[in-house]
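All remarks here apply to the structure that follows.
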Amino acid sequence: MNPISPRVAVLRRVAGPLMSVGLLVLALWGLRQFARHVTYQEIREYVASVSRTRLLLAIVLTMLGFGVMSLYDRFGLKSIGRSMPWQRVTLISFISYAFSNAVGMSFLVSGSIRYRFYLQNGLSTAEIAKLVLYCTLSFWLGLLALTGVTLLVEPLPALVQIGEWQIHMSRWRIPLAVALAAVPLAWIFGGFIRKPIKLWRWRVLLPRPLSALRQVLVGALDWWLAAAVMYVLMPDSLHASFGHFLAIFVIAQIAGLISHVPGGLGVFETMMLACFHVTNDKHLAAPILGALVMFRVVYYLMPLCAATMLVLQREARGLRRQSLWSPWFTGLLPSFFAGLTLVSGAVLLFSGATRALPERMEVLRDVLPLSVLEVSHFMASVIGMLLLILARGLQRRLDVAYWATLVLLVVGAVFSLLKGIDYEEASLLALLAMALGPAHRLFYRRASLLSASFSVGWIVAILAVFGCATWLVMFSYKHVEYSNSLWWEFSFHQGASRALRALVGAAAAGLLFALATLIKPQRLRCDPPSEAELERALPLIRNFHSAQAHLALMGDKHLLFDADGKAFLMYDTGGRSWVTMGDPVGEDEDARRELVWSFMEQCERAGGWPVFYQVSPADLDMYLEVGMNLLKIGEEARVRLEDFNLDGKSKKTLRGTVNKLSRDGLRLEIVPAEAVAPLLPRLKQISDAWLGDKNAREKRFSLGSFDPRYLVRTPMALIWQGETLLAFANLFLTETREEASLDLMRFVPEGPSGIMDFLFIELMQWAKQHGYRWFNLGMAPLAGLTSRRQAPLWNRFGALVFGRGERFYNFQGLQRYKDKFDPEWEPRYMAVPGGIALPVILTNVASLISGGITGVVRR
């Protein structure tokens with residue numbers, strides 16, 4: 001399979017984020033068109049004028065809305081035949097929707113949160129996927145139904161104008177309403193068809209009409225309540241019925257959701273202003289913008305803060321009780337803190353871009369020197385930009401990012417008070433610092449912050465926040481006439497000058513970090529290991545608990561060492577797949593864990609897919625921690641040598657084979673590595689004859705091949721009959737005596753029957769006599785996978801191949817052969833990134849092992 005070109009790969013990574021940024025820029029331009037005559041002071045005055053009764057009613061409606069959202073999960077659990085306490089379901093629903101509403105990308109965000117929660121509550125992956133799909137369908141079906149019905153009943157403005165663009169809404173209102181309403185109607189009445197409907201490759205059984213109607217009604221009620229929250233915050237001068245307002249609200253929400261801009265920020269506001277014709281009524285723009293700001297605070301920000309407190313409370317309680325919740329939160333918290341740090345940085349930037357409250361500035365004028373105010377305002381914005389950058393380091397669990405963030409949060413809180421008595425944002429920063437303080441153990445990586453890779457999505461997010469801050473400066477001070485002297489004006493009431501200087505300071509901090517990252521040398525070596533590197537790796541290999549680490553001595557895989565040389569991992573590339581062979585090698589757990597992160601970042605910089613092949617259960621937490629998915633690929637057979645013997649009825653055949661071949665004069669000899677070189681010509685003859693008889697080709701990556709440079713690095717087991725050499729195998733022996741194994745095993749085709757059994761038995765007995773604990777017989781691919789109905793799709797597919805794929809590979813025969821030595825079977829996994837690239841990744845891995853794509857279909 002031809003690898004995807006780098007240009008296409010880059011285009012795929014940047015297309016989505018760039019589209020969202022483009023729509024955000026377009027929305028900000030639209031807001032500027034509608035709010036050109038609005039001042040920041042007018043918006044603030046409207047917000048202050050909203051009565052407490054209206055605000056309380058909006059909060060109550062928001063609580064009712066989140067209560068309705070919990071019905072998504074409750075009915076979804078019922079649809080898959082599961083039940084949970086309603087309090088727990090409500091908690092899960094609230095946290096997932098609080099985050100997804102504020103962050104956007106509801107399917108991804110709320111789906112991942114539900115996955116983590118429900119997995120800890122005993123649901124399988126398949127059940128969670130069905131539940132998330134049920135909730136997402138209910139969400140969209142309710143929105144489409146409410147929009148369709150509302151547009152049929154309530155007419156929209158005949159003409160909407162955004163700048164020079166004109167949209168004739170009356171032309172498409174009825175067709176759009178019918179099309180939108182048809183989708184939930186088809187879903188409801190499709191339930192009368194009790195046969196599965198085939199949609200491309202899938203067969204879908206629609207729910208019964210009453211269940212489908214319940215889905216639609218819950219979704220519609222959810223959106224109706226969201227509209228009601230904003231309606232009570234709108235000005236009385238709007239003179240619009242709730243039905244008319246509802247029609248505009250749902251259209252604006254659909255536009256925001258389609259844009260994929262987080263929370264529909266800017267897109268939703270622009271559509272609301274456009275549909276209410278604020279260009280024709282200049283006095284209406286400021287109150288509507290004020291209502292939109294309050295809606296964001298009540299419906300998005302307040303639930304997000306409440307959910308944050310609940311998460312932190314659960315974490316503290318889980319740590320005290322050592323409950324099942326603790327592992328979930330331990331894995332979630334670094335990303336959680338990263339998100340809050342990103343929000344805190346945005347708050348500082350936005351605060352520095354807007355006017356301070358005059359009454360607070362009067363207080364500062366009496367107690368604070370002007371120089372302190374100016375420095376505090378400037379440094380607060382610089383800290384805001386640094387927090388945006390450090391958020392990525394927290395997500396990557398960097399120790400330096402933890403300490404830097406902790407210090408900057410405290411300092412930022414102080415500067416917030418000094419620049420305008422902004423106790424609100426100072427409290428936010430202080431609370432985050434208090435929550436982050438006890439979590440140092442989660443940020444264990446000692447790597448440099450400059451080594452953290454910034455994905456396209458992260459770069460776009462930082463640029464989007466900075467772009468919004470720039471827009472706020474232009475909006476807040478648009479009536480200030482710009483001149484070069486403005487940069488150097490210093491006064492307690494000269495906010496425009498401070499905002500411009502702070503914006504430039506934040507931009508300079510971001511550019512300096514970007515420059516430092518660009519000029520830092522990148523270690524993206526993909527050269528075969530040198531002799532010096534192999535010698536460096538040899539002590540780590542010999543002292544590692546798994547003998548399979550000796551595969552690094554093949555020299556066909558690249559070696560990646562940690563900074564201190566305490567561990568390494570071996571990998572190779574196939575297409576876009578960067579595939580490691582086994583777990584990181586080394587006894588230092590911190591170094592091994594750091595290598596996983598380093599490898600992930602190296603793949604990100606190169607645009608590759610990280611894949612960890614044939615990893616053990618003991619290290620699965622390392623791969624889950626970096627967001628990988630796990631696939632079981634087979635089971636490894638290991639014989640416990642202290643219990644191994646040839647006694648008993650089950651070993652009768654093996655015992656007979658060994659006795660017979662011993663009487664025929666066969667014997668085992670172990671040759672040390674330094675004595676292997678003179679034997680290579682004779683070994684080469686046996687290897688060539690074996691390959692010719694099997695009509696096979698040399699494998700690689702997970703198996704050794706006949707390479708003299710490789711074979712002279714390991715001891716050799718020889719089977720002699722008199723002076724005739726019949727078979728050989730190179731040995732993997734650990735100096736800790738933990739495990740012994742073999743790799744390349746070849747024998748003459750005309751040799752006696754049972755020579756392989758003889759070799760294995762003799763080697764196990766030899767290893768037992770020399771104090772080894774285990775003898776590794778290697779992995780049986782696809783063994784142990786089940787084809788039950790509730791099993792994951794990969795397991796069912798693997799079980800099918802294991803049962804019917806003998807034409808291509810001796811899956812069952814290999815397992816039966818190893819099973820006769822009474823081994824203990826231990827599962828082996830492959831850690832892969834999520835997404836639709838799995839078939840390509842599997843092909844790349846198979847190609848690496850088979851020595852090329854043509855080797856995949858050959859024995």
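Chain labels run A, B, ... following the order of the structure tokens; each chain numbers its residues from 1, and ligands are numbered from 1 in the order shown.
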Next on the checklist: If we count only C-alpha atoms and set the cut-off at 12 Å, which residues sit around Met628 of chain A, ignoring sequence neighbours fewer than 2 positions away in its own chain? Please answer as JSON, numbers by chain.
Outcome noted: {"A": [596, 597, 600, 609, 610, 611, 612, 613, 620, 621, 622, 623, 624, 625, 626, 630, 631, 829, 830, 831, 832, 833, 834, 835]}
Please provide the set of residues having any atom within 7 Å of Ala177 of chain A, restricted to only C-alpha atoms, with same-chain residues fewer than 6 positions apart removed, written as an mmCIF file with N, CA, C and O atoms, in the first residue's frame.
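This went into out.cif:
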```cif
data_model
loop_
_atom_site.group_PDB
_atom_site.id
_atom_site.type_symbol
_atom_site.label_atom_id
_atom_site.label_comp_id
_atom_site.auth_asym_id
_atom_site.auth_seq_id
_atom_site.Cartn_x
_atom_site.Cartn_y
_atom_site.Cartn_z
ATOM 1 N N THR A 147 -36.638 23.081 15.495
ATOM 2 C CA THR A 147 -36.381 24.068 14.446
ATOM 3 C C THR A 147 -37.407 23.966 13.332
ATOM 4 O O THR A 147 -37.949 24.976 12.867
ATOM 5 N N GLY A 148 -37.675 22.728 12.886
ATOM 6 C CA GLY A 148 -38.634 22.548 11.800
ATOM 7 C C GLY A 148 -40.021 23.046 12.153
ATOM 8 O O GLY A 148 -40.647 23.786 11.377
ATOM 9 N N VAL A 149 -40.510 22.664 13.319
ATOM 10 C CA VAL A 149 -41.860 23.076 13.735
ATOM 11 C C VAL A 149 -41.921 24.587 13.933
ATOM 12 O O VAL A 149 -42.883 25.253 13.514
ATOM 13 N N LEU A 151 -40.098 26.961 12.543
ATOM 14 C CA LEU A 151 -40.039 27.676 11.270
ATOM 15 C C LEU A 151 -41.359 27.568 10.509
ATOM 16 O O LEU A 151 -41.714 28.479 9.743
ATOM 17 N N LEU A 152 -42.075 26.466 10.686
ATOM 18 C CA LEU A 152 -43.379 26.344 10.033
ATOM 19 C C LEU A 152 -44.401 27.296 10.654
ATOM 20 O O LEU A 152 -45.288 27.807 9.956
#
```
Item to check | Those of segment 336-566 of chain A in DSSP helix (DSSP H, G or I), formatted as a ChimeraX atom specification | outcome: /A:336-353,358-367,370-395,399-420,423-442,449-451,456-476,484-488,495-519,531-543,547-554
Next on the checklist: Please report the interatomic distance between atom CA of Asn645 of chain A and atom CA of Pro715 of chain A in Å with one decimal.
Outcome noted: 24.1 Å
Checklist entry - Skipping near chain neighbours, those fewer than 3 positions away, what residues fall within 10 Å of segment 447-454 of chain A using only C-alpha atoms, listed as a ChimeraX atom specification? => result /A:389-390,392-401,444,457-460,513-514,516-523,562-563,594,597-598,600-605
Next on the checklist: From the options A:Gly722, A:Pro681, A:Gly574, A:Gly586, which residue's atoms come nearest to Thr843 of chain A, counting only C-alpha atoms?
Outcome noted: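 When distances to Thr843 of chain A are compared using only C-alpha atoms, the smallest one comes from A:Gly574.
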Item to check | Option closest in space to His440 of chain A, from A:Ala740, A:Ala226, A:Ile719, A:Leu333 [counting only C-alpha atoms] | outcome: A:Leu333
